[in-house]
>>> print(open('upload-v4.cif').read())   # mmCIF, C-alpha atoms
data_model
loop_
_atom_site.label_atom_id
_atom_site.label_comp_id
_atom_site.auth_asym_id
_atom_site.auth_seq_id
_atom_site.Cartn_x
_atom_site.Cartn_y
_atom_site.Cartn_z
CA MET A 83 0.00 0.00 0.00
CA SER A 84 1.43 3.37 -1.02
CA ILE A 85 1.20 6.48 1.12
CA ALA A 86 0.20 9.73 -0.50
CA SER A 87 2.74 12.55 -0.42
CA PRO A 88 1.99 15.59 1.78
CA SER A 89 1.37 17.77 -1.25
CA ALA A 90 -1.01 15.26 -2.74
CA SER A 91 -2.90 14.62 0.48
CA SER A 92 -3.45 18.36 0.97
CA SER A 93 -5.66 18.40 -2.08
CA ALA A 94 -9.27 17.42 -1.50
CA SER A 95 -9.48 15.91 -4.96
CA SER A 96 -6.65 13.46 -4.19
CA ARG A 97 -7.64 12.61 -0.63
CA PRO A 98 -6.87 8.91 -0.13
CA THR A 99 -9.64 6.43 0.58
CA LEU A 100 -8.89 4.91 3.95
CA PRO A 101 -8.64 1.10 4.07
CA PHE A 102 -11.26 0.56 6.78
CA ALA A 103 -11.73 -2.91 8.20
CA SER A 104 -15.04 -4.57 7.38
CA ARG A 105 -16.08 -4.24 11.02
CA ALA A 106 -15.90 -0.41 10.89
CA ASP A 107 -19.44 -0.25 9.48
CA SER A 108 -20.63 -2.12 12.58
CA LEU A 109 -19.31 0.47 15.07
CA VAL A 110 -22.62 2.05 15.96
CA GLY A 111 -21.67 3.88 19.16
CA SER A 112 -23.94 4.57 22.11
CA VAL A 113 -26.85 7.00 22.32
CA ILE A 114 -26.67 6.56 26.11
CA ASP A 115 -23.03 7.58 26.45
CA SER A 116 -23.37 10.35 23.86
CA SER A 117 -26.08 11.97 25.99
CA VAL A 118 -23.38 13.22 28.40
CA ALA A 119 -21.89 15.47 25.73
CA MET A 120 -25.33 16.43 24.43
CA LEU A 121 -26.45 17.70 27.84
CA ALA A 122 -23.29 19.78 28.15
CA ALA A 123 -24.61 21.97 25.33
CA TYR A 124 -27.51 23.18 27.52
CA ASP A 125 -26.90 25.91 30.08
CA HIS A 126 -30.22 25.74 31.96
CA ASP A 127 -31.15 23.36 34.76
CA ILE A 128 -31.94 19.82 33.62
CA VAL A 129 -33.17 16.92 35.74
CA LYS A 130 -31.09 14.05 34.42
CA PHE A 131 -33.03 10.81 34.22
CA GLY A 132 -30.91 9.64 31.29
CA MET A 133 -27.54 8.21 32.28
CA GLY A 134 -27.51 5.10 34.46
CA SER A 135 -25.34 6.65 37.11
CA PRO A 136 -25.70 7.05 40.87
CA ALA A 137 -26.47 10.53 42.11
CA PRO A 138 -23.43 12.39 43.51
CA ASP A 139 -24.81 12.03 47.04
CA MET A 140 -24.72 8.22 46.61
CA LEU A 141 -20.99 8.09 45.87
CA PRO A 142 -18.58 7.25 48.74
CA ALA A 143 -16.21 10.03 47.73
CA GLU A 144 -15.13 10.85 51.30
CA ASP A 145 -14.20 7.21 51.91
CA PHE A 146 -11.93 7.17 48.89
CA ALA A 147 -10.36 10.53 49.67
CA ARG A 148 -9.40 9.16 53.09
CA ILE A 149 -8.29 5.78 51.72
CA ALA A 150 -6.09 7.30 49.02
CA ASN A 151 -3.79 8.85 51.60
CA SER A 152 -3.30 5.51 53.30
CA VAL A 153 -2.75 3.21 50.31
CA PHE A 154 -0.92 5.26 47.71
CA THR A 155 2.78 4.52 47.40
CA PRO A 156 5.12 4.78 44.42
CA GLU A 157 4.28 1.11 43.72
CA SER A 158 0.64 2.09 43.26
CA PHE A 159 1.47 3.96 40.07
CA THR A 160 3.28 1.32 38.06
CA TYR A 161 2.13 -1.67 36.01
CA GLY A 162 0.37 -4.57 37.69
CA GLU A 163 -0.79 -8.09 36.97
CA THR A 164 -3.13 -8.28 33.99
CA GLN A 165 -5.60 -10.48 35.85
CA GLY A 166 -5.83 -7.99 38.69
CA GLU A 167 -4.05 -7.15 41.91
CA PRO A 168 -4.06 -10.11 44.34
CA VAL A 169 -5.09 -7.83 47.20
CA LEU A 170 -8.25 -6.82 45.31
CA ILE A 171 -9.09 -10.33 44.14
CA ASP A 172 -8.82 -11.63 47.73
CA ALA A 173 -10.90 -8.76 49.12
CA LEU A 174 -13.52 -9.26 46.42
CA LEU A 175 -13.74 -13.01 47.01
CA ASN A 176 -14.27 -12.38 50.71
CA TYR A 177 -16.99 -9.81 50.03
CA LEU A 178 -18.80 -12.02 47.51
CA HIS A 179 -18.63 -14.99 49.88
CA GLU A 180 -19.82 -13.05 52.93
CA THR A 181 -22.78 -11.62 51.01
CA GLY A 182 -23.75 -14.94 49.40
CA GLN A 183 -23.10 -13.78 45.85
CA ILE A 184 -21.00 -16.80 44.87
CA PRO A 185 -21.50 -20.51 45.50
CA ALA A 186 -19.65 -21.74 48.58
CA GLU A 187 -17.36 -23.91 46.47
CA HIS A 188 -16.06 -20.83 44.67
CA PHE A 189 -14.77 -19.21 47.84
CA GLY A 190 -10.98 -19.00 47.76
CA ASN A 191 -10.82 -19.88 44.07
CA ARG A 192 -8.87 -16.91 42.78
CA GLU A 193 -8.68 -18.47 39.33
CA ARG A 194 -12.36 -17.67 38.74
CA LEU A 195 -11.93 -13.89 38.91
CA VAL A 196 -10.28 -11.50 36.48
CA ILE A 197 -10.33 -7.75 37.18
CA THR A 198 -11.44 -5.64 34.22
CA THR A 199 -11.45 -1.97 33.34
CA GLY A 200 -15.17 -1.52 33.92
CA GLY A 201 -18.00 -3.83 33.00
CA MET A 202 -17.80 -2.86 29.34
CA GLN A 203 -14.35 -4.39 29.03
CA GLY A 204 -15.77 -7.61 30.43
CA ILE A 205 -18.54 -7.59 27.81
CA ASP A 206 -15.99 -6.89 25.10
CA LEU A 207 -13.80 -9.78 26.24
CA GLY A 208 -16.77 -12.14 26.16
CA PHE A 209 -17.72 -11.28 22.61
CA LYS A 210 -14.08 -11.21 21.53
CA LEU A 211 -13.65 -14.79 22.70
CA PHE A 212 -16.90 -16.30 21.45
CA VAL A 213 -18.11 -14.39 18.38
CA SER A 214 -16.83 -14.84 14.84
CA PRO A 215 -18.11 -12.81 11.87
CA GLY A 216 -21.61 -13.90 10.99
CA ASP A 217 -22.31 -15.67 14.29
CA LEU A 218 -25.77 -15.39 15.77
CA VAL A 219 -26.07 -13.53 19.09
CA LEU A 220 -29.36 -13.40 20.97
CA CYS A 221 -30.14 -10.19 22.89
CA GLU A 222 -33.15 -9.02 24.86
CA ALA A 223 -35.46 -6.43 23.33
CA PRO A 224 -35.25 -3.84 24.70
CA THR A 225 -31.64 -4.30 25.73
CA TYR A 226 -28.55 -2.45 26.88
CA THR A 227 -27.37 -1.62 23.38
CA ASN A 228 -23.78 -0.94 24.46
CA GLY A 229 -23.70 -4.72 24.86
CA SER A 230 -25.32 -5.58 21.55
CA ALA A 231 -23.21 -2.91 19.82
CA THR A 232 -20.10 -4.68 21.10
CA ALA A 233 -21.36 -7.91 19.53
CA LEU A 234 -21.91 -6.02 16.28
CA SER A 235 -18.35 -4.71 16.41
CA TYR A 236 -17.23 -8.34 16.08
CA GLU A 237 -19.57 -8.69 13.08
CA ALA A 238 -22.25 -10.71 14.83
CA GLU A 239 -25.81 -11.02 13.58
CA ILE A 240 -28.24 -9.91 16.28
CA ALA A 241 -31.59 -11.57 16.90
CA GLU A 242 -33.83 -9.87 19.44
CA VAL A 243 -35.80 -11.74 22.10
CA PRO A 244 -38.87 -10.01 23.58
CA VAL A 245 -38.94 -9.02 27.26
CA ASP A 246 -41.94 -8.96 29.58
CA ASP A 247 -42.42 -8.62 33.33
CA GLU A 248 -40.53 -11.90 33.89
CA GLY A 249 -37.56 -10.86 31.76
CA MET A 250 -36.43 -12.52 28.55
CA GLN A 251 -39.19 -14.63 26.99
CA VAL A 252 -37.14 -17.80 26.97
CA ASP A 253 -39.97 -19.82 25.39
CA ALA A 254 -39.45 -17.79 22.21
CA LEU A 255 -35.83 -18.91 21.77
CA ASP A 256 -36.52 -22.13 19.86
CA ASP A 257 -38.64 -20.33 17.25
CA ILE A 258 -36.03 -17.58 16.86
CA VAL A 259 -33.26 -20.13 16.36
CA ALA A 260 -35.40 -22.11 13.90
CA ARG A 261 -35.98 -18.97 11.83
CA ALA A 262 -32.27 -18.12 11.92
CA GLY A 263 -31.36 -21.65 10.89
CA ARG A 264 -28.53 -21.92 13.39
CA ALA A 265 -27.78 -21.87 17.09
CA PRO A 266 -26.46 -18.74 18.81
CA SER A 267 -22.83 -18.59 19.81
CA VAL A 268 -23.72 -16.18 22.65
CA ILE A 269 -26.89 -15.25 24.53
CA TYR A 270 -26.49 -11.78 26.01
CA THR A 271 -28.74 -11.08 28.98
CA VAL A 272 -29.11 -8.68 31.89
CA PRO A 273 -31.34 -10.99 33.93
CA THR A 274 -31.53 -9.06 37.22
CA PHE A 275 -33.11 -5.58 37.23
CA GLN A 276 -32.67 -5.48 33.49
CA ASN A 277 -31.38 -2.45 31.66
CA PRO A 278 -33.51 -0.69 30.45
CA ALA A 279 -36.78 -2.26 31.67
CA GLY A 280 -35.85 -2.93 35.31
CA VAL A 281 -37.53 -6.36 35.19
CA THR A 282 -36.02 -9.55 36.61
CA MET A 283 -35.93 -12.93 34.89
CA SER A 284 -37.92 -15.47 36.88
CA LEU A 285 -36.29 -18.56 38.36
CA ALA A 286 -38.22 -20.82 36.00
CA ARG A 287 -36.99 -18.90 32.97
CA ARG A 288 -33.40 -18.95 34.25
CA GLU A 289 -33.56 -22.71 34.48
CA LYS A 290 -35.03 -22.96 30.96
CA LEU A 291 -32.31 -20.64 29.66
CA LEU A 292 -29.61 -22.85 31.14
CA GLU A 293 -31.21 -25.91 29.53
CA PHE A 294 -31.40 -24.13 26.15
CA ALA A 295 -27.76 -23.01 26.34
CA HIS A 296 -26.55 -26.53 27.09
CA ARG A 297 -28.70 -28.00 24.35
CA HIS A 298 -27.15 -25.65 21.78
CA ASN A 299 -23.67 -25.24 23.35
CA SER A 300 -24.24 -21.48 23.56
CA VAL A 301 -22.38 -19.20 25.96
CA ILE A 302 -24.56 -17.12 28.27
CA LEU A 303 -22.99 -13.71 28.79
CA GLU A 304 -24.61 -12.80 32.11
CA ASP A 305 -24.27 -9.05 32.57
CA ASN A 306 -25.07 -8.42 36.25
CA PRO A 307 -24.31 -4.81 37.26
CA TYR A 308 -27.35 -4.32 39.52
CA GLY A 309 -27.74 -7.62 41.36
CA THR A 310 -26.69 -6.25 44.76
CA LEU A 311 -29.26 -3.44 44.61
CA ARG A 312 -32.48 -5.25 45.54
CA PHE A 313 -34.72 -3.12 47.74
CA SER A 314 -37.87 -5.28 47.72
CA GLY A 315 -38.93 -8.83 46.90
CA GLU A 316 -37.03 -12.10 47.18
CA ASP A 317 -33.53 -12.72 45.88
CA ILE A 318 -33.27 -14.94 42.81
CA PRO A 319 -29.99 -16.81 42.27
CA SER A 320 -27.79 -15.57 39.46
CA LEU A 321 -27.19 -17.96 36.58
CA SER A 322 -23.68 -18.48 37.95
CA GLN A 323 -25.17 -19.49 41.30
CA LEU A 324 -27.75 -21.78 39.71
CA SER A 325 -25.12 -23.62 37.68
CA PRO A 326 -21.77 -23.49 39.53
CA ASN A 327 -18.60 -24.31 37.58
CA ASP A 328 -20.52 -24.07 34.31
CA PRO A 329 -18.10 -23.25 31.46
CA LEU A 330 -21.00 -21.85 29.39
CA ILE A 331 -21.65 -18.99 31.83
CA PHE A 332 -19.50 -15.90 31.32
CA GLY A 333 -20.25 -13.62 34.26
CA VAL A 334 -19.66 -9.86 33.95
CA ARG A 335 -19.82 -7.66 37.05
CA THR A 336 -18.84 -4.08 37.89
CA PHE A 337 -18.26 -1.72 40.79
CA SER A 338 -19.76 1.12 38.73
CA LYS A 339 -23.34 0.76 39.94
CA PHE A 340 -22.86 0.00 43.64
CA VAL A 341 -19.67 1.99 44.29
CA ALA A 342 -18.74 4.56 41.62
CA PRO A 343 -18.60 4.51 37.80
CA GLY A 344 -15.49 6.71 37.69
CA LEU A 345 -13.43 3.92 39.25
CA ARG A 346 -13.68 1.98 35.96
CA ILE A 347 -13.25 -1.37 37.70
CA GLY A 348 -15.22 -4.53 37.06
CA TRP A 349 -14.58 -8.23 37.19
CA LEU A 350 -15.28 -11.48 35.40
CA ASP A 351 -16.50 -14.64 37.09
CA ILE A 352 -15.59 -17.37 34.63
CA ASP A 353 -14.49 -20.94 34.23
CA PRO A 354 -10.84 -21.06 35.38
CA ASP A 355 -9.83 -22.77 32.12
CA LEU A 356 -10.65 -19.50 30.31
CA ARG A 357 -8.38 -17.37 32.48
CA GLY A 358 -5.22 -17.67 30.40
CA LEU A 359 -7.06 -16.80 27.18
CA ILE A 360 -8.76 -13.85 28.84
CA ILE A 361 -5.42 -12.56 30.11
CA ASN A 362 -4.01 -12.80 26.58
CA ALA A 363 -6.99 -10.88 25.20
CA LYS A 364 -6.85 -8.21 27.92
CA GLN A 365 -3.15 -7.67 27.27
CA THR A 366 -4.05 -6.47 23.78
CA MET A 367 -6.30 -3.85 25.38
CA ASP A 368 -4.71 -2.23 28.41
CA SER A 369 -2.09 -4.55 29.96
CA CYS A 370 -3.66 -4.01 33.38
CA THR A 371 -6.47 -2.15 35.10
CA SER A 372 -5.48 1.00 37.00
CA LEU A 373 -3.46 0.04 40.09
CA PRO A 374 -4.31 3.11 42.20
CA THR A 375 -8.03 2.44 41.93
CA GLN A 376 -7.59 -1.29 42.52
CA HIS A 377 -5.67 -0.58 45.73
CA MET A 378 -8.33 1.87 46.91
CA VAL A 379 -11.20 -0.52 46.25
CA ALA A 380 -9.37 -3.37 47.97
CA LYS A 381 -8.90 -1.23 51.09
CA TRP A 382 -12.53 -0.06 50.93
CA LEU A 383 -13.75 -3.66 50.82
CA ASN A 384 -11.38 -4.87 53.53
CA ASP A 385 -12.46 -2.06 55.85
CA GLY A 386 -16.05 -3.36 55.68
CA ASN A 387 -17.47 -0.36 53.85
CA ALA A 388 -19.33 -2.25 51.13
CA GLU A 389 -22.14 -3.83 53.14
CA ILE A 390 -22.93 -0.57 54.97
CA HIS A 391 -22.85 1.39 51.72
CA VAL A 392 -25.01 -1.09 49.80
CA ALA A 393 -27.59 -1.14 52.59
CA HIS A 394 -27.82 2.66 52.31
CA LEU A 395 -28.20 2.41 48.52
CA ARG A 396 -30.98 -0.14 48.79
CA SER A 397 -32.95 2.04 51.18
CA SER A 398 -32.42 5.23 49.18
CA TYR A 399 -33.12 3.68 45.79
CA GLY A 400 -36.28 2.06 47.11
CA GLU A 401 -37.53 5.50 48.17
CA ARG A 402 -36.54 7.01 44.84
CA LYS A 403 -38.23 4.28 42.84
CA THR A 404 -41.42 4.75 44.84
CA ALA A 405 -41.26 8.51 44.27
CA MET A 406 -40.94 7.94 40.53
CA THR A 407 -43.66 5.30 40.14
CA SER A 408 -46.15 7.21 42.30
CA GLY A 409 -45.35 10.45 40.48
CA LEU A 410 -45.84 8.82 37.08
CA GLU A 411 -49.18 7.34 38.18
CA ARG A 412 -50.39 10.65 39.55
CA LEU A 413 -49.29 12.78 36.59
CA PHE A 414 -49.83 10.44 33.64
CA GLY A 415 -52.41 7.93 34.86
CA GLU A 416 -53.81 5.85 32.00
CA GLU A 417 -51.62 7.62 29.44
CA ILE A 418 -48.72 5.26 30.15
CA ARG A 419 -47.65 1.77 31.19
CA SER A 420 -44.63 1.53 33.49
CA THR A 421 -42.55 -1.28 34.93
CA ASP A 422 -42.22 -1.49 38.71
CA PRO A 423 -38.74 -2.88 39.52
CA ASP A 424 -37.64 -4.46 42.81
CA GLY A 425 -34.12 -3.09 42.48
CA GLY A 426 -31.53 -1.57 40.20
CA PHE A 427 -31.68 1.85 38.57
CA PHE A 428 -34.36 1.96 35.89
CA LEU A 429 -37.96 1.75 34.93
CA TRP A 430 -39.46 1.60 31.45
CA VAL A 431 -42.32 3.85 30.40
CA THR A 432 -44.49 3.16 27.35
CA PHE A 433 -47.02 5.71 26.11
CA ASN A 434 -50.36 4.16 25.18
CA ASP A 435 -50.64 6.76 22.42
CA GLU A 436 -48.43 5.16 19.79
CA THR A 437 -48.16 8.43 17.87
CA ILE A 438 -45.88 9.81 20.60
CA ASN A 439 -42.32 9.44 19.36
CA THR A 440 -39.92 9.85 22.26
CA GLU A 441 -37.04 10.80 19.98
CA ASP A 442 -39.12 13.71 18.64
CA LEU A 443 -40.25 14.51 22.17
CA MET A 444 -36.66 14.75 23.42
CA PRO A 445 -35.89 18.35 22.29
CA VAL A 446 -39.11 19.56 23.90
CA ALA A 447 -38.24 17.75 27.12
CA LEU A 448 -34.74 19.21 27.19
CA GLU A 449 -36.11 22.71 26.74
CA GLU A 450 -38.44 22.03 29.67
CA GLY A 451 -35.44 20.86 31.68
CA VAL A 452 -35.62 17.07 31.84
CA ALA A 453 -33.59 14.35 30.12
CA TYR A 454 -34.27 10.66 29.48
CA ILE A 455 -33.16 8.04 26.95
CA PRO A 456 -35.61 7.33 24.08
CA GLY A 457 -36.80 3.76 23.62
CA THR A 458 -35.22 3.41 20.19
CA ALA A 459 -31.78 3.58 21.84
CA PHE A 460 -32.44 0.10 23.26
CA SER A 461 -33.11 -1.76 20.04
CA GLN A 462 -30.89 -2.41 17.04
CA THR A 463 -33.99 -2.33 14.84
CA GLY A 464 -35.26 1.04 16.06
CA ASP A 465 -38.31 -0.32 17.87
CA PHE A 466 -39.96 1.13 21.00
CA THR A 467 -40.58 4.55 19.44
CA ASN A 468 -43.28 5.34 22.04
CA ALA A 469 -41.17 4.27 25.06
CA LEU A 470 -38.42 5.75 27.19
CA ARG A 471 -36.10 4.79 30.04
CA LEU A 472 -35.97 6.73 33.29
CA CYS A 473 -33.23 6.39 35.90
CA PHE A 474 -34.56 6.89 39.41
CA ALA A 475 -31.17 6.32 41.09
CA SER A 476 -29.75 9.63 39.92
CA ALA A 477 -31.99 12.08 41.80
CA GLU A 478 -33.51 12.67 45.22
CA PRO A 479 -37.32 12.27 45.57
CA GLN A 480 -37.99 16.03 45.43
CA ARG A 481 -35.87 16.31 42.32
CA ILE A 482 -37.65 13.32 40.79
CA GLU A 483 -40.99 15.08 41.33
CA GLU A 484 -39.68 18.21 39.61
CA GLY A 485 -38.36 16.18 36.68
CA LEU A 486 -41.65 14.36 36.21
CA GLN A 487 -43.55 17.67 36.30
CA ARG A 488 -41.27 18.93 33.54
CA LEU A 489 -41.74 15.73 31.53
CA HIS A 490 -45.51 16.04 31.86
CA ARG A 491 -45.39 19.63 30.56
CA ALA A 492 -43.17 18.53 27.67
CA VAL A 493 -45.57 15.75 26.66
CA GLY A 494 -48.46 18.22 26.79
CA LYS A 495 -46.65 20.70 24.53
CA TYR A 496 -45.53 17.94 22.15
CA SER A 497 -49.02 16.42 21.90
CA SER A 498 -50.65 19.81 21.39
CA ALA A 499 -48.20 20.74 18.61
CA HIS A 500 -48.67 17.42 16.83
CA SER A 501 -52.44 17.58 17.19
CA HIS A 502 -52.46 20.99 15.48
CA ALA A 503 -50.13 19.67 12.78
CA ARG A 504 -52.48 16.75 12.02
CA HIS A 505 -55.41 19.13 11.65
#
>>> encode(input="upload-v4.cif", output="structure tokens")
Amino acid sequence: MSIASPSASSSASSRPTLPFASRADSLVGSVIDSSVAMLAAYDHDIVKFGMGSPAPDMLPAEDFARIANSVFTPESFTYGETQGEPVLIDALLNYLHETGQIPAEHFGNRERLVITTGGMQGIDLGFKLFVSPGDLVLCEAPTYTNGSATALSYEAEIAEVPVDDEGMQVDALDDIVARAGRAPSVIYTVPTFQNPAGVTMSLARREKLLEFAHRHNSVILEDNPYGTLRFSGEDIPSLSQLSPNDPLIFGVRTFSKFVAPGLRIGWLDIDPDLRGLIINAKQTMDSCTSLPTQHMVAKWLNDGNAEIHVAHLRSSYGERKTAMTSGLERLFGEEIRSTDPDGGFFLWVTFNDETINTEDLMPVALEEGVAYIPGTAFSQTGDFTNALRLCFASAEPQRIEEGLQRLHRAVGKYSSAHSHARH
């Protein structure tokens, strides 16, 4: 391949055509993440129901400011082990064991855990290992499209599986696979307090999903960022807990949702035989996850902060969810249908008037001072035009009430304008 000379490349008429890889067309980006920059363009007050991020008052910033002074040494700012710092892996194993988040037989098995740079790196590693161009990947609909977009970046073909109040409709899988003419290489699911709908996959469906995966030799990429944040109802075992030592379960977890997203630390819970391959793959990405943050999180866990902090989150998020669901019912009544989650960050709102397009509504809402994520952002096929996702974790109850009032005004203005346009 020849390289154009500086004089030639300065001319628009001779600008070289870049040799993009075939996967470049599949890099679709994230409407969710892009909303951060979009909101920065507005200088008036906006209630932010869009990003799935804890409110600033829910972040243990003072803990980490104190911890930093005690753990930082020159050794904290060098390279570390790709699989994660032993001090963090040990602290994490202890925490997971003490809180019943891993089967008893996994306690002490350091080979099961790999520290990642956020949950997204874990998702990327899963698709990197198990998806070849043209492979079928099953995703929920609606889904966390940062996950499905990662599958697309490895040139997967996405098939969407409907979601209802019990999570992924697992009974639909056989028909979807029959239509596709082949089994999926990966099933991507957020089974607990699903993003964006907030629903939780029932125990019966989890068991059916495991049976389906084993029948087709499909990997289940279990994305579980919210599992610790249950504020009502009964715990349901994760897929990893239901089927211990199962090589077909690729567990992705993160500290982002129950500690702080800025830490950019997550972890994988995987079959130990995969560990070497995962380390090789991670070394092509970042060599190691940030040591300073790993040391801080290890100290935070070892000091016993996590259980106290999570208990506070559960109580606060339960209050915030109630404020949002009661506010929606009072303001919108029969105009909408809304999920009612038992944990996590989100609920899913669908307007009964199918002419309401939440992408078109968005500029009106922003002018009124409220932000959300339109439903189309959670489907690769652009479905859910009359739906939106709201994050209740990011605002106090009084602020939630103000945001819902603004959303109600925006819907009124939007509907009035479109009614006049139709007539």
>>> resolve_selection(input="upload-v4.cif", expression="the PyMOL selection byres ((chain A and resi 291) around 12)", output="PyMOL selection string")
chain A and resi 220+249-256+268-271+273+283-290+292-304+320-321+324-325+330-331
>>> write_last_selection(input="upload-v4.cif", atoms="C-alpha atoms", output="JSON list (two decimals), in the frame of the given file")
[["chain", "number", "residue", "atom", "x", "y", "z"],
["A", 220, "LEU", "CA", -29.36, -13.40, 20.97],
["A", 249, "GLY", "CA", -37.56, -10.86, 31.76],
["A", 250, "MET", "CA", -36.43, -12.52, 28.55],
["A", 251, "GLN", "CA", -39.19, -14.63, 26.99],
["A", 252, "VAL", "CA", -37.14, -17.80, 26.97],
["A", 253, "ASP", "CA", -39.97, -19.82, 25.39],
["A", 254, "ALA", "CA", -39.45, -17.79, 22.21],
["A", 255, "LEU", "CA", -35.83, -18.91, 21.77],
["A", 256, "ASP", "CA", -36.52, -22.13, 19.86],
["A", 268, "VAL", "CA", -23.72, -16.18, 22.65],
["A", 269, "ILE", "CA", -26.89, -15.25, 24.53],
["A", 270, "TYR", "CA", -26.49, -11.78, 26.01],
["A", 271, "THR", "CA", -28.74, -11.08, 28.98],
["A", 273, "PRO", "CA", -31.34, -10.99, 33.93],
["A", 283, "MET", "CA", -35.93, -12.93, 34.89],
["A", 284, "SER", "CA", -37.92, -15.47, 36.88],
["A", 285, "LEU", "CA", -36.29, -18.56, 38.36],
["A", 286, "ALA", "CA", -38.22, -20.82, 36.00],
["A", 287, "ARG", "CA", -36.99, -18.90, 32.97],
["A", 288, "ARG", "CA", -33.40, -18.95, 34.25],
["A", 289, "GLU", "CA", -33.56, -22.71, 34.48],
["A", 290, "LYS", "CA", -35.03, -22.96, 30.96],
["A", 292, "LEU", "CA", -29.61, -22.85, 31.14],
["A", 293, "GLU", "CA", -31.21, -25.91, 29.53],
["A", 294, "PHE", "CA", -31.40, -24.13, 26.15],
["A", 295, "ALA", "CA", -27.76, -23.01, 26.34],
["A", 296, "HIS", "CA", -26.55, -26.53, 27.09],
["A", 297, "ARG", "CA", -28.70, -28.00, 24.35],
["A", 298, "HIS", "CA", -27.15, -25.65, 21.78],
["A", 299, "ASN", "CA", -23.67, -25.24, 23.35],
["A", 300, "SER", "CA", -24.24, -21.48, 23.56],
["A", 301, "VAL", "CA", -22.38, -19.20, 25.96],
["A", 302, "ILE", "CA", -24.56, -17.12, 28.27],
["A", 303, "LEU", "CA", -22.99, -13.71, 28.79],
["A", 304, "GLU", "CA", -24.61, -12.80, 32.11],
["A", 320, "SER", "CA", -27.79, -15.57, 39.46],
["A", 321, "LEU", "CA", -27.19, -17.96, 36.58],
["A", 324, "LEU", "CA", -27.75, -21.78, 39.71],
["A", 325, "SER", "CA", -25.12, -23.62, 37.68],
["A", 330, "LEU", "CA", -21.00, -21.85, 29.39],
["A", 331, "ILE", "CA", -21.65, -18.99, 31.83]]
>>> closest_residue(input="upload-v4.cif", among="A:Ala453, A:Ala238, A:Leu470, A:Leu141", to="Gly485 (chain A)", atoms="all atoms listed in the file")
A:Ala453
>>> closest_residue(input="upload-v4.cif", among="A:Leu489, A:Ile455, A:Ala469, A:Ala173", to="Asp385 (chain A)", atoms="only C-alpha atoms")
A:Ala173
>>> closest_atom_pairs(input="upload-v4.cif", of="region 176-295 of chain A", to="region 408-428 of chain A", cutoff="7 Å", atoms="all atoms listed in the file", output="tab-separated table")
residue	atom	partner	partner_atom	distance
A:Phe275	CA	A:Gly426	CA	5.2
A:Asn277	CA	A:Phe428	CA	6.8
A:Pro278	CA	A:Phe428	CA	6.1
A:Ala279	CA	A:Phe428	CA	6.4
A:Gly280	CA	A:Pro423	CA	5.1
A:Val281	CA	A:Pro423	CA	5.7
>>> resolve_selection(input="upload-v4.cif", expression="the PyMOL selection byres ((chain A and resi 450) around 12)", output="PDB file with C-alpha atoms, in the coordinates of the input")
ATOM      1  CA  TYR A 124     -27.510  23.180  27.520  1.00  0.00           C
ATOM      2  CA  HIS A 126     -30.220  25.740  31.960  1.00  0.00           C
ATOM      3  CA  ASP A 127     -31.150  23.360  34.760  1.00  0.00           C
ATOM      4  CA  ILE A 128     -31.940  19.820  33.620  1.00  0.00           C
ATOM      5  CA  VAL A 129     -33.170  16.920  35.740  1.00  0.00           C
ATOM      6  CA  LYS A 130     -31.090  14.050  34.420  1.00  0.00           C
ATOM      7  CA  LEU A 443     -40.250  14.510  22.170  1.00  0.00           C
ATOM      8  CA  MET A 444     -36.660  14.750  23.420  1.00  0.00           C
ATOM      9  CA  PRO A 445     -35.890  18.350  22.290  1.00  0.00           C
ATOM     10  CA  VAL A 446     -39.110  19.560  23.900  1.00  0.00           C
ATOM     11  CA  ALA A 447     -38.240  17.750  27.120  1.00  0.00           C
ATOM     12  CA  LEU A 448     -34.740  19.210  27.190  1.00  0.00           C
ATOM     13  CA  GLU A 449     -36.110  22.710  26.740  1.00  0.00           C
ATOM     14  CA  GLY A 451     -35.440  20.860  31.680  1.00  0.00           C
ATOM     15  CA  VAL A 452     -35.620  17.070  31.840  1.00  0.00           C
ATOM     16  CA  ALA A 453     -33.590  14.350  30.120  1.00  0.00           C
ATOM     17  CA  GLU A 484     -39.680  18.210  39.610  1.00  0.00           C
ATOM     18  CA  GLY A 485     -38.360  16.180  36.680  1.00  0.00           C
ATOM     19  CA  LEU A 486     -41.650  14.360  36.210  1.00  0.00           C
ATOM     20  CA  GLN A 487     -43.550  17.670  36.300  1.00  0.00           C
ATOM     21  CA  ARG A 488     -41.270  18.930  33.540  1.00  0.00           C
ATOM     22  CA  LEU A 489     -41.740  15.730  31.530  1.00  0.00           C
ATOM     23  CA  HIS A 490     -45.510  16.040  31.860  1.00  0.00           C
ATOM     24  CA  ARG A 491     -45.390  19.630  30.560  1.00  0.00           C
ATOM     25  CA  ALA A 492     -43.170  18.530  27.670  1.00  0.00           C
ATOM     26  CA  VAL A 493     -45.570  15.750  26.660  1.00  0.00           C
ATOM     27  CA  GLY A 494     -48.460  18.220  26.790  1.00  0.00           C
ATOM     28  CA  LYS A 495     -46.650  20.700  24.530  1.00  0.00           C
ATOM     29  CA  TYR A 496     -45.530  17.940  22.150  1.00  0.00           C
TER      30      TYR A 496
END
>>> axis_aligned_box(input="upload-v4.cif", around="region 143-161 of chain A", padding_each_side="8 Å", output="JSON")
{"center_x": -5.5, "center_y": 4.6, "center_z": 44.7, "size_x": 37.3, "size_y": 28.5, "size_z": 33.3}
>>> closest_residue(input="upload-v4.cif", among="A:Tyr399, A:Phe474, A:Tyr236, A:Tyr226", to="Gln462 (chain A)", atoms="all atoms listed in the file")
A:Tyr226
>>> resolve_selection(input="upload-v4.cif", expression="the PyMOL selection byres ((chain A and resi 354-365) around 7)", output="ChimeraX atom specification")
/A:164-165,193-194,207,352-353,366-369
